[in-house]
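The structure under discussion appears below in the form of structure tokens.
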Amino acid sequence: MCAMRLTGYADKFSVHPGDTIKFYVNCDGPKKYSASIVQMINGDTNPRGPGFIEKAVKADCEGVYDGIKQVVYGGSYGFVADAPQLKPDSFTLQCWIWPTTPKTDKRYWKHGAQGLVTKWSGGKGYGLFINTDGCVELRINGETYTTGAPLRDHAWHFIAASFDAKTGEVVLYHEPQVVYALDPEIPPVKAAFKGKIEHTDQPLVIAGYVDHVEPGPLGLSSLPQGVIVGGHYNGKIDSPRLCSRALSRFEIEMMKGGAQPGLTERRNAGPTGVLSEAIVAAWDFSDGIDTLVAKDAGPYRFDATLVNCPTRALTGYNWAGQTFDWKVAPKEYGAIHFHDDDLDNARWEVSLE
């Protein structure tokens with residue numbers, strides 16, 4: 001199949017005489033291309049009809065332009081700019097997930113690993129993933145830890161992982177919300193990691209991970225600019241959390257409630273005074289549903305910028321099945337559905353207007 005070498009789009013569907021319209025053009029290959037405005041009278045080339053008919057329209061933008069390659073970076077995700085608090089020595093990551101394509105048939109289409117909550121790139125950092133076998137995976141630098149239990153699609157799962165820098169202990173949890181009679185038990189995976197986390201200056205990503213950095217012109221249309229996010233996740237995520245130490249399973253359970261303002265003098269403290277000191281971020285997707293910002297209720301306000309318009313106001317892990325309007329019970333609609341083909345704006349440079 002031959003790729004389209006010349007593609008583009010406009011910033012408006014239609015304009016009145018005298019209005020301005022901008023065109024964004026990708027020219028992959030030819031050094032020059034010509035542009036003109038025409039009135040399309042008939043675009044049907046069927047021999048039974050009048051045939052292809054167009055009429056030239058005089059416009060200031062008519063001319064020959066330099067060809068520039070511009071890239072579309074599809075797939076929705078959220079990101080938080082790098083900060084010192086996002087580089088802990090020890091950590092606990094946790095979230096609820098509802099995957100739609102944990103594993104795909106290679107005969108049709110096969111994706112790679114999918115990022116859930118990650119501060120990982122190029123074999124450095126840490127993060128929760130779904131691996132190519134459809135199982136939960138924790139990455140610390142170049143090491144991987146997995147439960148080996150495939151995720152059931154279109155079902156809620158609670159995922160958590162902790163790392164204690166002092167002892168080197170790694171623990172990974174995968175707990176399905178609904179367990180059927182013949183489902184095997186999924187015990188926590190315990191292992192050891194030697195060394196320290198090699199942190200990078202790349203952003204924390206929700207529903208993906210930093211694939212690489214593109215400092216040239218091809219990175220201008222990515223967000224953050226020059227940072228290419230890959231490993232797009234397909235499915236819903238609810239209540240992601242990050243703490244700066246390895247929590248016990250009991251503390252992880254308490255952290256499901258997230259940041260609770262007003263319980264101590266610390267602004268937006270945790271469920272307990274001790275846990276309040278460990279919270280780095282506690283995102284609440286039920287807050288600001290009608291925006292493209294995933295609000296963080298934690299002490300540092302690490303609000304995540306949402307890219308390519310993932311779907312909001314979707315039922316979360318705690319939906320009771322009795323309310324069908326998110327405005328009535330927003331806490332039950334705290335999930336965001338991400339897709340690897342979402343796109344709201346290509347963010348190309350203006351080619352002509």
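Chain labels run A, B, ... following the order of the structure tokens; each chain numbers its residues from 1, and ligands are numbered from 1 in the order shown.
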Counting only C-alpha atoms, which residues in range 19-100 of chain A sit no more than 7 Å from range 159-171 of chain A? For each one, give the nearest pair of atoms and the distance in Å, sorted by chain then residue number, as a Markdown table.
```
| residue | atom | partner | partner_atom | distance |
| --- | --- | --- | --- | --- |
| A:Asp89 | CA | A:Ala165 | CA | 5.9 |
| A:Ser90 | CA | A:Asp164 | CA | 5.0 |
| A:Phe91 | CA | A:Phe163 | CA | 5.5 |
| A:Thr92 | CA | A:Ser162 | CA | 4.2 |
| A:Leu93 | CA | A:Ala161 | CA | 5.3 |
| A:Gln94 | CA | A:Ala160 | CA | 4.0 |
| A:Cys95 | CA | A:Ile159 | CA | 5.5 |
| A:Trp96 | CA | A:Ile159 | CA | 6.1 |
```
With a distance cut-off of 8 Å and only C-alpha atoms, select the neighbouring residues of Leu86 in chain A, excluding the residue or stretch itself and same-chain residues fewer than 5 positions from it, and output the selection as an mmCIF file with N, CA, C and O atoms, in the first residue's frame.
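File around-v6.cif, as written:
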```cif
data_model
loop_
_atom_site.group_PDB
_atom_site.id
_atom_site.type_symbol
_atom_site.label_atom_id
_atom_site.label_comp_id
_atom_site.auth_asym_id
_atom_site.auth_seq_id
_atom_site.Cartn_x
_atom_site.Cartn_y
_atom_site.Cartn_z
ATOM 1 N N LYS A 119 6.826 6.512 35.106
ATOM 2 C CA LYS A 119 7.891 7.533 35.094
ATOM 3 C C LYS A 119 9.136 6.803 34.593
ATOM 4 O O LYS A 119 10.160 6.715 35.250
ATOM 5 N N LEU A 204 6.004 12.274 34.017
ATOM 6 C CA LEU A 204 5.198 11.119 34.412
ATOM 7 C C LEU A 204 4.023 11.027 33.443
ATOM 8 O O LEU A 204 3.402 12.050 33.111
ATOM 9 N N VAL A 280 2.475 11.538 47.307
ATOM 10 C CA VAL A 280 3.060 12.396 46.279
ATOM 11 C C VAL A 280 1.964 12.922 45.374
ATOM 12 O O VAL A 280 1.897 14.116 45.076
#
```
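Within the 7 Å cut-off around Ile97 in chain A, using only C-alpha atoms and omitting residues fewer than 4 positions from it on the same chain, the listed residues are Trp156, His157, Phe158, Lys236, Ile237 and Asp238 of chain A.
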With all heavy atoms retained, export the selected residues as a PDB file, in the first residue's frame.
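Writing the result to out24.pdb gives the following:
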```pdb
ATOM      1  N   TRP A 156     -12.945  -4.740  35.945  1.00  0.00           N
ATOM      2  CA  TRP A 156     -12.108  -3.915  36.809  1.00  0.00           C
ATOM      3  C   TRP A 156     -11.084  -4.769  37.557  1.00  0.00           C
ATOM      4  O   TRP A 156     -11.389  -5.869  38.024  1.00  0.00           O
ATOM      5  CB  TRP A 156     -12.962  -3.157  37.827  1.00  0.00           C
ATOM      6  CG  TRP A 156     -13.641  -1.949  37.248  1.00  0.00           C
ATOM      7  CD1 TRP A 156     -14.968  -1.801  36.960  1.00  0.00           C
ATOM      8  CD2 TRP A 156     -13.010  -0.711  36.882  1.00  0.00           C
ATOM      9  NE1 TRP A 156     -15.220  -0.562  36.431  1.00  0.00           N
ATOM     10  CE2 TRP A 156     -14.030   0.138  36.371  1.00  0.00           C
ATOM     11  CE3 TRP A 156     -11.704  -0.240  36.925  1.00  0.00           C
ATOM     12  CZ2 TRP A 156     -13.766   1.426  35.921  1.00  0.00           C
ATOM     13  CZ3 TRP A 156     -11.438   1.040  36.467  1.00  0.00           C
ATOM     14  CH2 TRP A 156     -12.465   1.856  35.973  1.00  0.00           C
ATOM     15  N   HIS A 157      -9.869  -4.236  37.643  1.00  0.00           N
ATOM     16  CA  HIS A 157      -8.781  -4.873  38.374  1.00  0.00           C
ATOM     17  C   HIS A 157      -8.093  -3.806  39.214  1.00  0.00           C
ATOM     18  O   HIS A 157      -7.850  -2.685  38.734  1.00  0.00           O
ATOM     19  CB  HIS A 157      -7.748  -5.488  37.428  1.00  0.00           C
ATOM     20  CG  HIS A 157      -8.315  -6.435  36.423  1.00  0.00           C
ATOM     21  ND1 HIS A 157      -8.251  -7.811  36.581  1.00  0.00           N
ATOM     22  CD2 HIS A 157      -8.958  -6.221  35.255  1.00  0.00           C
ATOM     23  CE1 HIS A 157      -8.813  -8.388  35.540  1.00  0.00           C
ATOM     24  NE2 HIS A 157      -9.256  -7.446  34.722  1.00  0.00           N
ATOM     25  N   PHE A 158      -7.749  -4.164  40.443  1.00  0.00           N
ATOM     26  CA  PHE A 158      -6.948  -3.272  41.271  1.00  0.00           C
ATOM     27  C   PHE A 158      -5.486  -3.679  41.151  1.00  0.00           C
ATOM     28  O   PHE A 158      -5.137  -4.845  41.358  1.00  0.00           O
ATOM     29  CB  PHE A 158      -7.381  -3.317  42.735  1.00  0.00           C
ATOM     30  CG  PHE A 158      -6.561  -2.424  43.620  1.00  0.00           C
ATOM     31  CD1 PHE A 158      -6.672  -1.046  43.535  1.00  0.00           C
ATOM     32  CD2 PHE A 158      -5.658  -2.959  44.539  1.00  0.00           C
ATOM     33  CE1 PHE A 158      -5.902  -0.210  44.330  1.00  0.00           C
ATOM     34  CE2 PHE A 158      -4.891  -2.139  45.342  1.00  0.00           C
ATOM     35  CZ  PHE A 158      -5.010  -0.753  45.233  1.00  0.00           C
ATOM     36  N   LYS A 236     -10.057   1.942  30.655  1.00  0.00           N
ATOM     37  CA  LYS A 236     -10.330   2.956  31.666  1.00  0.00           C
ATOM     38  C   LYS A 236      -9.318   2.864  32.810  1.00  0.00           C
ATOM     39  O   LYS A 236      -8.830   1.779  33.134  1.00  0.00           O
ATOM     40  CB  LYS A 236     -11.752   2.789  32.226  1.00  0.00           C
ATOM     41  CG  LYS A 236     -12.842   3.056  31.198  1.00  0.00           C
ATOM     42  CD  LYS A 236     -14.224   3.152  31.833  1.00  0.00           C
ATOM     43  CE  LYS A 236     -14.789   1.816  32.234  1.00  0.00           C
ATOM     44  NZ  LYS A 236     -16.196   1.915  32.686  1.00  0.00           N
ATOM     45  N   ILE A 237      -9.019   4.018  33.388  1.00  0.00           N
ATOM     46  CA  ILE A 237      -8.188   4.106  34.588  1.00  0.00           C
ATOM     47  C   ILE A 237      -8.933   4.948  35.609  1.00  0.00           C
ATOM     48  O   ILE A 237      -9.552   5.960  35.268  1.00  0.00           O
ATOM     49  CB  ILE A 237      -6.815   4.730  34.294  1.00  0.00           C
ATOM     50  CG1 ILE A 237      -6.022   3.854  33.322  1.00  0.00           C
ATOM     51  CG2 ILE A 237      -6.015   4.919  35.580  1.00  0.00           C
ATOM     52  CD1 ILE A 237      -4.639   4.402  32.994  1.00  0.00           C
ATOM     53  N   ASP A 238      -8.874   4.530  36.864  1.00  0.00           N
ATOM     54  CA  ASP A 238      -9.537   5.245  37.947  1.00  0.00           C
ATOM     55  C   ASP A 238      -8.591   5.302  39.147  1.00  0.00           C
ATOM     56  O   ASP A 238      -7.878   4.337  39.448  1.00  0.00           O
ATOM     57  CB  ASP A 238     -10.841   4.517  38.332  1.00  0.00           C
ATOM     58  CG  ASP A 238     -11.777   5.374  39.168  1.00  0.00           C
ATOM     59  OD1 ASP A 238     -11.361   6.468  39.614  1.00  0.00           O
ATOM     60  OD2 ASP A 238     -12.930   4.947  39.386  1.00  0.00           O
TER      61      ASP A 238
END
```
If DSSP is run on the backbone, what residues of range 19-243 of chain A are helix (DSSP H, G or I)? A reply as a tab-separated table (two decimals) with N, CA, C and O atoms, in the first residue's frame would be ideal.
```tsv
chain	number	residue	atom	x	y	z
A	84	PRO	N	10.99	17.08	41.40
A	84	PRO	CA	11.79	16.27	42.34
A	84	PRO	C	10.96	15.25	43.11
A	84	PRO	O	11.44	14.14	43.39
A	85	GLN	N	9.71	15.60	43.46
A	85	GLN	CA	8.86	14.67	44.23
A	85	GLN	C	8.50	13.42	43.43
A	85	GLN	O	8.11	12.40	44.02
A	86	LEU	N	8.61	13.49	42.11
A	86	LEU	CA	8.30	12.34	41.27
A	86	LEU	C	9.49	11.40	41.10
A	86	LEU	O	9.41	10.43	40.34
A	217	PRO	N	12.43	19.05	14.19
A	217	PRO	CA	11.12	19.61	13.79
A	217	PRO	C	9.98	18.61	13.87
A	217	PRO	O	8.82	19.00	14.02
A	218	LEU	N	10.27	17.31	13.77
A	218	LEU	CA	9.20	16.32	13.83
A	218	LEU	C	8.59	16.22	15.23
A	218	LEU	O	7.53	15.65	15.41
A	219	GLY	N	9.28	16.76	16.24
A	219	GLY	CA	8.76	16.71	17.59
A	219	GLY	C	7.93	17.92	17.97
A	219	GLY	O	7.40	17.99	19.09
```
Which residues are near Gly112 in chain A? Cut-off 12 Å, only C-alpha atoms, ignore same chain within fewer than 2 positions. Put them as an mmCIF file with all heavy atoms, in the first residue's frame.
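This is the output file out-v7.cif:
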```cif
data_model
loop_
_atom_site.group_PDB
_atom_site.id
_atom_site.type_symbol
_atom_site.label_atom_id
_atom_site.label_comp_id
_atom_site.auth_asym_id
_atom_site.auth_seq_id
_atom_site.Cartn_x
_atom_site.Cartn_y
_atom_site.Cartn_z
ATOM 1 N N THR A 101 -8.125 -4.002 25.592
ATOM 2 C CA THR A 101 -7.278 -4.836 24.726
ATOM 3 C C THR A 101 -5.990 -5.208 25.464
ATOM 4 O O THR A 101 -4.894 -4.818 25.046
ATOM 5 C CB THR A 101 -6.923 -4.108 23.414
ATOM 6 O OG1 THR A 101 -6.240 -2.885 23.741
ATOM 7 C CG2 THR A 101 -8.152 -3.816 22.593
ATOM 8 N N PRO A 102 -6.113 -5.967 26.566
ATOM 9 C CA PRO A 102 -4.876 -6.356 27.251
ATOM 10 C C PRO A 102 -3.976 -7.219 26.379
ATOM 11 O O PRO A 102 -2.759 -7.201 26.523
ATOM 12 C CB PRO A 102 -5.379 -7.129 28.476
ATOM 13 C CG PRO A 102 -6.755 -7.596 28.098
ATOM 14 C CD PRO A 102 -7.309 -6.524 27.217
ATOM 15 N N LYS A 103 -4.599 -7.951 25.472
ATOM 16 C CA LYS A 103 -3.843 -8.769 24.533
ATOM 17 C C LYS A 103 -4.614 -8.845 23.232
ATOM 18 O O LYS A 103 -5.833 -8.994 23.235
ATOM 19 C CB LYS A 103 -3.620 -10.174 25.102
ATOM 20 C CG LYS A 103 -2.687 -11.041 24.264
ATOM 21 C CD LYS A 103 -2.433 -12.389 24.932
ATOM 22 C CE LYS A 103 -1.475 -13.230 24.113
ATOM 23 N NZ LYS A 103 -1.222 -14.551 24.738
ATOM 24 N N THR A 104 -3.909 -8.712 22.122
ATOM 25 C CA THR A 104 -4.570 -8.756 20.829
ATOM 26 C C THR A 104 -4.016 -9.893 19.985
ATOM 27 O O THR A 104 -2.896 -10.354 20.189
ATOM 28 C CB THR A 104 -4.374 -7.429 20.066
ATOM 29 O OG1 THR A 104 -2.990 -7.107 20.049
ATOM 30 C CG2 THR A 104 -5.148 -6.306 20.735
ATOM 31 N N ASP A 105 -4.819 -10.334 19.035
ATOM 32 C CA ASP A 105 -4.434 -11.435 18.165
ATOM 33 C C ASP A 105 -3.446 -10.926 17.119
ATOM 34 O O ASP A 105 -3.750 -9.996 16.369
ATOM 35 C CB ASP A 105 -5.684 -12.006 17.481
ATOM 36 C CG ASP A 105 -5.417 -13.355 16.832
ATOM 37 O OD1 ASP A 105 -4.342 -13.515 16.217
ATOM 38 O OD2 ASP A 105 -6.281 -14.246 16.934
ATOM 39 N N LYS A 106 -2.276 -11.539 17.073
ATOM 40 C CA LYS A 106 -1.233 -11.080 16.160
ATOM 41 C C LYS A 106 -1.617 -11.236 14.691
ATOM 42 O O LYS A 106 -0.996 -10.640 13.812
ATOM 43 C CB LYS A 106 0.068 -11.811 16.435
ATOM 44 C CG LYS A 106 -0.004 -13.306 16.221
ATOM 45 C CD LYS A 106 1.334 -13.965 16.564
ATOM 46 C CE LYS A 106 1.282 -15.473 16.369
ATOM 47 N NZ LYS A 106 2.574 -16.111 16.729
ATOM 48 N N TRP A 109 -3.691 -7.501 14.607
ATOM 49 C CA TRP A 109 -2.962 -6.312 15.043
ATOM 50 C C TRP A 109 -2.364 -6.628 16.401
ATOM 51 O O TRP A 109 -3.006 -7.217 17.249
ATOM 52 C CB TRP A 109 -3.935 -5.128 15.143
ATOM 53 C CG TRP A 109 -3.393 -3.955 15.882
ATOM 54 C CD1 TRP A 109 -2.428 -3.095 15.467
ATOM 55 C CD2 TRP A 109 -3.789 -3.512 17.180
ATOM 56 N NE1 TRP A 109 -2.194 -2.143 16.418
ATOM 57 C CE2 TRP A 109 -3.024 -2.366 17.481
ATOM 58 C CE3 TRP A 109 -4.712 -3.962 18.119
ATOM 59 C CZ2 TRP A 109 -3.156 -1.677 18.676
ATOM 60 C CZ3 TRP A 109 -4.847 -3.276 19.312
ATOM 61 C CH2 TRP A 109 -4.078 -2.145 19.560
ATOM 62 N N LYS A 110 -1.116 -6.269 16.589
ATOM 63 C CA LYS A 110 -0.458 -6.574 17.853
ATOM 64 C C LYS A 110 0.287 -5.353 18.335
ATOM 65 O O LYS A 110 1.178 -4.839 17.653
ATOM 66 C CB LYS A 110 0.517 -7.746 17.699
ATOM 67 C CG LYS A 110 1.108 -8.224 19.026
ATOM 68 C CD LYS A 110 1.924 -9.471 18.821
ATOM 69 C CE LYS A 110 2.533 -9.967 20.128
ATOM 70 N NZ LYS A 110 1.508 -10.334 21.118
ATOM 71 N N GLN A 114 1.729 -1.703 27.212
ATOM 72 C CA GLN A 114 0.884 -0.531 27.427
ATOM 73 C C GLN A 114 1.202 0.063 28.797
ATOM 74 O O GLN A 114 1.188 -0.640 29.806
ATOM 75 C CB GLN A 114 -0.597 -0.916 27.359
ATOM 76 C CG GLN A 114 -1.012 -1.555 26.045
ATOM 77 C CD GLN A 114 -2.454 -2.021 26.073
ATOM 78 O OE1 GLN A 114 -3.384 -1.234 26.193
ATOM 79 N NE2 GLN A 114 -2.645 -3.324 25.969
ATOM 80 N N GLY A 115 1.478 1.362 28.816
ATOM 81 C CA GLY A 115 1.771 2.035 30.070
ATOM 82 C C GLY A 115 0.504 2.363 30.840
ATOM 83 O O GLY A 115 -0.506 2.751 30.257
ATOM 84 N N PHE A 129 2.800 -1.358 33.976
ATOM 85 C CA PHE A 129 2.516 -1.629 32.570
ATOM 86 C C PHE A 129 1.589 -2.836 32.440
ATOM 87 O O PHE A 129 1.395 -3.600 33.388
ATOM 88 C CB PHE A 129 3.802 -1.950 31.800
ATOM 89 C CG PHE A 129 4.769 -0.806 31.661
ATOM 90 C CD1 PHE A 129 5.579 -0.431 32.728
ATOM 91 C CD2 PHE A 129 4.879 -0.121 30.462
ATOM 92 C CE1 PHE A 129 6.484 0.610 32.603
ATOM 93 C CE2 PHE A 129 5.784 0.919 30.326
ATOM 94 C CZ PHE A 129 6.582 1.292 31.398
ATOM 95 N N ILE A 130 1.068 -3.014 31.232
ATOM 96 C CA ILE A 130 0.507 -4.293 30.789
ATOM 97 C C ILE A 130 1.467 -4.808 29.727
ATOM 98 O O ILE A 130 1.731 -4.112 28.737
ATOM 99 C CB ILE A 130 -0.903 -4.133 30.201
ATOM 100 C CG1 ILE A 130 -1.874 -3.591 31.245
ATOM 101 C CG2 ILE A 130 -1.408 -5.470 29.670
ATOM 102 C CD1 ILE A 130 -3.267 -3.312 30.695
ATOM 103 N N ASN A 131 2.029 -5.988 29.919
ATOM 104 C CA ASN A 131 3.005 -6.480 28.955
ATOM 105 C C ASN A 131 2.319 -7.114 27.742
ATOM 106 O O ASN A 131 1.089 -7.169 27.654
ATOM 107 C CB ASN A 131 4.001 -7.441 29.621
ATOM 108 C CG ASN A 131 3.334 -8.715 30.144
ATOM 109 O OD1 ASN A 131 2.241 -9.086 29.735
ATOM 110 N ND2 ASN A 131 4.017 -9.391 31.058
ATOM 111 N N THR A 132 3.119 -7.594 26.808
ATOM 112 C CA THR A 132 2.571 -8.113 25.553
ATOM 113 C C THR A 132 1.794 -9.412 25.747
ATOM 114 O O THR A 132 1.056 -9.828 24.855
ATOM 115 C CB THR A 132 3.698 -8.342 24.540
ATOM 116 O OG1 THR A 132 4.717 -9.163 25.131
ATOM 117 C CG2 THR A 132 4.317 -7.023 24.108
ATOM 118 N N ASP A 133 1.953 -10.057 26.896
ATOM 119 C CA ASP A 133 1.173 -11.259 27.205
ATOM 120 C C ASP A 133 -0.149 -10.924 27.893
ATOM 121 O O ASP A 133 -0.894 -11.832 28.265
ATOM 122 C CB ASP A 133 1.982 -12.196 28.095
ATOM 123 C CG ASP A 133 3.202 -12.760 27.392
ATOM 124 O OD1 ASP A 133 3.103 -13.016 26.173
ATOM 125 O OD2 ASP A 133 4.256 -12.923 28.042
ATOM 126 N N GLY A 134 -0.423 -9.641 28.089
ATOM 127 C CA GLY A 134 -1.672 -9.233 28.725
ATOM 128 C C GLY A 134 -1.651 -9.343 30.233
ATOM 129 O O GLY A 134 -2.705 -9.438 30.859
ATOM 130 N N GLY A 208 0.346 5.520 29.169
ATOM 131 C CA GLY A 208 1.409 5.461 28.170
ATOM 132 C C GLY A 208 2.760 5.569 28.851
ATOM 133 O O GLY A 208 2.850 5.520 30.078
ATOM 134 N N TYR A 209 3.798 5.718 28.070
ATOM 135 C CA TYR A 209 5.124 5.959 28.620
ATOM 136 C C TYR A 209 5.943 6.733 27.585
ATOM 137 O O TYR A 209 5.598 6.773 26.396
ATOM 138 C CB TYR A 209 5.839 4.657 29.004
ATOM 139 C CG TYR A 209 6.173 3.732 27.855
ATOM 140 C CD1 TYR A 209 7.395 3.825 27.187
ATOM 141 C CD2 TYR A 209 5.278 2.747 27.438
ATOM 142 C CE1 TYR A 209 7.712 2.983 26.142
ATOM 143 C CE2 TYR A 209 5.584 1.894 26.391
ATOM 144 C CZ TYR A 209 6.806 2.018 25.749
ATOM 145 O OH TYR A 209 7.112 1.188 24.701
ATOM 146 N N ASP A 211 8.392 7.143 24.998
ATOM 147 C CA ASP A 211 9.081 6.235 24.085
ATOM 148 C C ASP A 211 10.466 6.774 23.728
ATOM 149 O O ASP A 211 11.463 6.055 23.786
ATOM 150 C CB ASP A 211 8.242 6.036 22.825
ATOM 151 C CG ASP A 211 8.845 5.037 21.869
ATOM 152 O OD1 ASP A 211 8.672 3.822 22.083
ATOM 153 O OD2 ASP A 211 9.520 5.463 20.914
ATOM 154 N N GLY A 230 4.604 6.727 23.733
ATOM 155 C CA GLY A 230 4.190 5.484 23.089
ATOM 156 C C GLY A 230 3.533 4.566 24.101
ATOM 157 O O GLY A 230 3.236 4.966 25.229
ATOM 158 N N GLY A 231 3.323 3.329 23.715
ATOM 159 C CA GLY A 231 2.711 2.362 24.623
ATOM 160 C C GLY A 231 1.357 2.792 25.099
ATOM 161 O O GLY A 231 1.020 2.644 26.278
ATOM 162 N N HIS A 232 0.530 3.319 24.185
ATOM 163 C CA HIS A 232 -0.780 3.841 24.576
ATOM 164 C C HIS A 232 -1.678 2.727 25.106
ATOM 165 O O HIS A 232 -1.775 1.642 24.533
ATOM 166 C CB HIS A 232 -1.447 4.531 23.391
ATOM 167 C CG HIS A 232 -0.704 5.742 22.912
ATOM 168 N ND1 HIS A 232 -0.677 6.913 23.614
ATOM 169 C CD2 HIS A 232 0.054 5.942 21.806
ATOM 170 C CE1 HIS A 232 0.059 7.808 22.970
ATOM 171 N NE2 HIS A 232 0.518 7.235 21.868
ATOM 172 N N TYR A 233 -2.348 3.033 26.188
ATOM 173 C CA TYR A 233 -3.231 2.080 26.865
ATOM 174 C C TYR A 233 -4.644 2.205 26.328
ATOM 175 O O TYR A 233 -5.135 3.319 26.083
ATOM 176 C CB TYR A 233 -3.200 2.366 28.368
ATOM 177 C CG TYR A 233 -4.301 1.718 29.181
ATOM 178 C CD1 TYR A 233 -4.345 0.342 29.365
ATOM 179 C CD2 TYR A 233 -5.292 2.488 29.792
ATOM 180 C CE1 TYR A 233 -5.341 -0.250 30.120
ATOM 181 C CE2 TYR A 233 -6.285 1.917 30.556
ATOM 182 C CZ TYR A 233 -6.324 0.554 30.725
ATOM 183 O OH TYR A 233 -7.310 -0.033 31.476
ATOM 184 N N ASN A 234 -5.298 1.072 26.142
ATOM 185 C CA ASN A 234 -6.702 1.043 25.752
ATOM 186 C C ASN A 234 -7.545 0.568 26.933
ATOM 187 O O ASN A 234 -7.420 -0.583 27.362
ATOM 188 C CB ASN A 234 -6.918 0.086 24.568
ATOM 189 C CG ASN A 234 -6.421 0.667 23.270
ATOM 190 O OD1 ASN A 234 -6.940 1.661 22.772
ATOM 191 N ND2 ASN A 234 -5.383 0.064 22.707
ATOM 192 N N ASP A 340 -5.813 4.240 21.975
ATOM 193 C CA ASP A 340 -4.552 4.448 21.254
ATOM 194 C C ASP A 340 -4.737 5.153 19.923
ATOM 195 O O ASP A 340 -3.749 5.467 19.243
ATOM 196 C CB ASP A 340 -3.806 3.130 21.067
ATOM 197 C CG ASP A 340 -4.531 2.155 20.165
ATOM 198 O OD1 ASP A 340 -5.652 2.470 19.715
ATOM 199 O OD2 ASP A 340 -3.985 1.060 19.911
#
```
Which residues, written as a short mmCIF file (atom, residue, chain, number, x, y, z; two decimals) with all heavy atoms, in the first residue's frame, have at least one atom at most 9 Å from His154 in chain A, with only C-alpha atoms counted and residues fewer than 4 positions away on the same chain left out?
```
data_model
loop_
_atom_site.label_atom_id
_atom_site.label_comp_id
_atom_site.auth_asym_id
_atom_site.auth_seq_id
_atom_site.Cartn_x
_atom_site.Cartn_y
_atom_site.Cartn_z
N TRP A 98 -9.52 -0.91 33.79
CA TRP A 98 -10.57 -1.65 33.07
C TRP A 98 -10.09 -1.76 31.62
O TRP A 98 -10.47 -0.96 30.78
CB TRP A 98 -11.88 -0.86 33.18
CG TRP A 98 -13.14 -1.56 32.76
CD1 TRP A 98 -13.94 -2.37 33.52
CD2 TRP A 98 -13.82 -1.43 31.50
NE1 TRP A 98 -15.06 -2.75 32.81
CE2 TRP A 98 -15.01 -2.20 31.57
CE3 TRP A 98 -13.54 -0.74 30.32
CZ2 TRP A 98 -15.91 -2.29 30.51
CZ3 TRP A 98 -14.43 -0.84 29.25
CH2 TRP A 98 -15.60 -1.61 29.36
N PRO A 99 -9.20 -2.72 31.34
CA PRO A 99 -8.58 -2.79 30.00
C PRO A 99 -9.53 -3.35 28.95
O PRO A 99 -10.37 -4.22 29.24
CB PRO A 99 -7.40 -3.74 30.23
CG PRO A 99 -7.85 -4.63 31.34
CD PRO A 99 -8.71 -3.78 32.24
N THR A 100 -9.42 -2.84 27.74
CA THR A 100 -10.23 -3.37 26.65
C THR A 100 -9.43 -4.25 25.70
O THR A 100 -9.98 -5.14 25.06
CB THR A 100 -10.86 -2.21 25.84
OG1 THR A 100 -9.82 -1.32 25.40
CG2 THR A 100 -11.85 -1.44 26.70
N THR A 101 -8.12 -4.00 25.59
CA THR A 101 -7.28 -4.84 24.73
C THR A 101 -5.99 -5.21 25.46
O THR A 101 -4.89 -4.82 25.05
CB THR A 101 -6.92 -4.11 23.41
OG1 THR A 101 -6.24 -2.89 23.74
CG2 THR A 101 -8.15 -3.82 22.59
N GLY A 235 -8.37 1.46 27.46
CA GLY A 235 -9.22 1.09 28.58
C GLY A 235 -9.40 2.25 29.54
O GLY A 235 -8.96 3.38 29.30
#
```
Taking only C-alpha atoms into account, produce a table as a tab-separated table in which each residue of range 118-224 of chain A with an atom at most 8 Å from an atom of range 344-348 of chain A appears once, together with its shortest atom pair and the distance in Å to one decimal, ordered by chain and rising number.
```
residue	atom	partner	partner_atom	distance
A:Leu220	CA	A:Trp348	CA	7.6
A:Ser221	CA	A:Arg347	CA	4.9
A:Ser222	CA	A:Arg347	CA	7.5
```
To one decimal place, how far is CA of Pro310 in chain A from CA of Ser239 in chain A in Å?
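Between CA of Pro310 in chain A and CA of Ser239 in chain A the gap works out to 15.6 Å.
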Report as a PyMOL selection string: the residues of range 27-203 of chain A with a DSSP assignment of strand (DSSP E or B), based on the backbone of this structure.
chain A and resi 27+32-35+37-42+53-57+63-66+77-80+91-99+114-121+124-130+135-140+143-150+157-163+169-176+189-192
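Note that CA of Phe285 in chain A and CA of Asp325 in chain A are 15.6 Å apart.
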Need the shell around Val350 in chain A: protein/DNA/RNA residues with any atom at most 12 Å away, counting only C-alpha atoms. Skip same-chain ones fewer than 4 positions apart. Format as a PyMOL selection string?
chain A and resi 8-11+21-26+65+68+70+221+346
Could you tell me which of A:Gly273, A:Gly122, A:Pro47, A:Pro299 comes closest to Met254 in chain A if we count only C-alpha atoms?
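Looking at the shortest contact to Met254 in chain A, the residue is A:Gly273.
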Which residues of range 24-131 of chain A sit at most 6 Å from range 140-152 of chain A, using only C-alpha atoms? Give each one's shortest atom pair and distance in Å (one decimal place), in chain and ascending residue order, as CSV.
```
residue,atom,partner,partner_atom,distance
A:Gly123,CA,A:Gly142,CA,4.6
A:Lys124,CA,A:Asn141,CA,4.0
A:Gly125,CA,A:Asn141,CA,5.0
A:Tyr126,CA,A:Ile140,CA,4.4
```
Prev. selection, N, CA and C atoms, output as an mmCIF file, in the first residue's frame:
```
data_model
loop_
_atom_site.group_PDB
_atom_site.id
_atom_site.type_symbol
_atom_site.label_atom_id
_atom_site.label_comp_id
_atom_site.auth_asym_id
_atom_site.auth_seq_id
_atom_site.Cartn_x
_atom_site.Cartn_y
_atom_site.Cartn_z
ATOM 1 N N GLY A 123 14.651 2.270 29.657
ATOM 2 C CA GLY A 123 15.288 1.412 30.647
ATOM 3 C C GLY A 123 15.661 2.113 31.934
ATOM 4 N N LYS A 124 15.115 3.293 32.178
ATOM 5 C CA LYS A 124 15.378 4.018 33.415
ATOM 6 C C LYS A 124 14.059 4.497 34.016
ATOM 7 N N GLY A 125 13.966 4.433 35.349
ATOM 8 C CA GLY A 125 12.766 4.896 36.027
ATOM 9 C C GLY A 125 11.930 3.748 36.549
ATOM 10 N N TYR A 126 10.630 4.002 36.705
ATOM 11 C CA TYR A 126 9.724 3.015 37.271
ATOM 12 C C TYR A 126 8.337 3.208 36.670
#
```
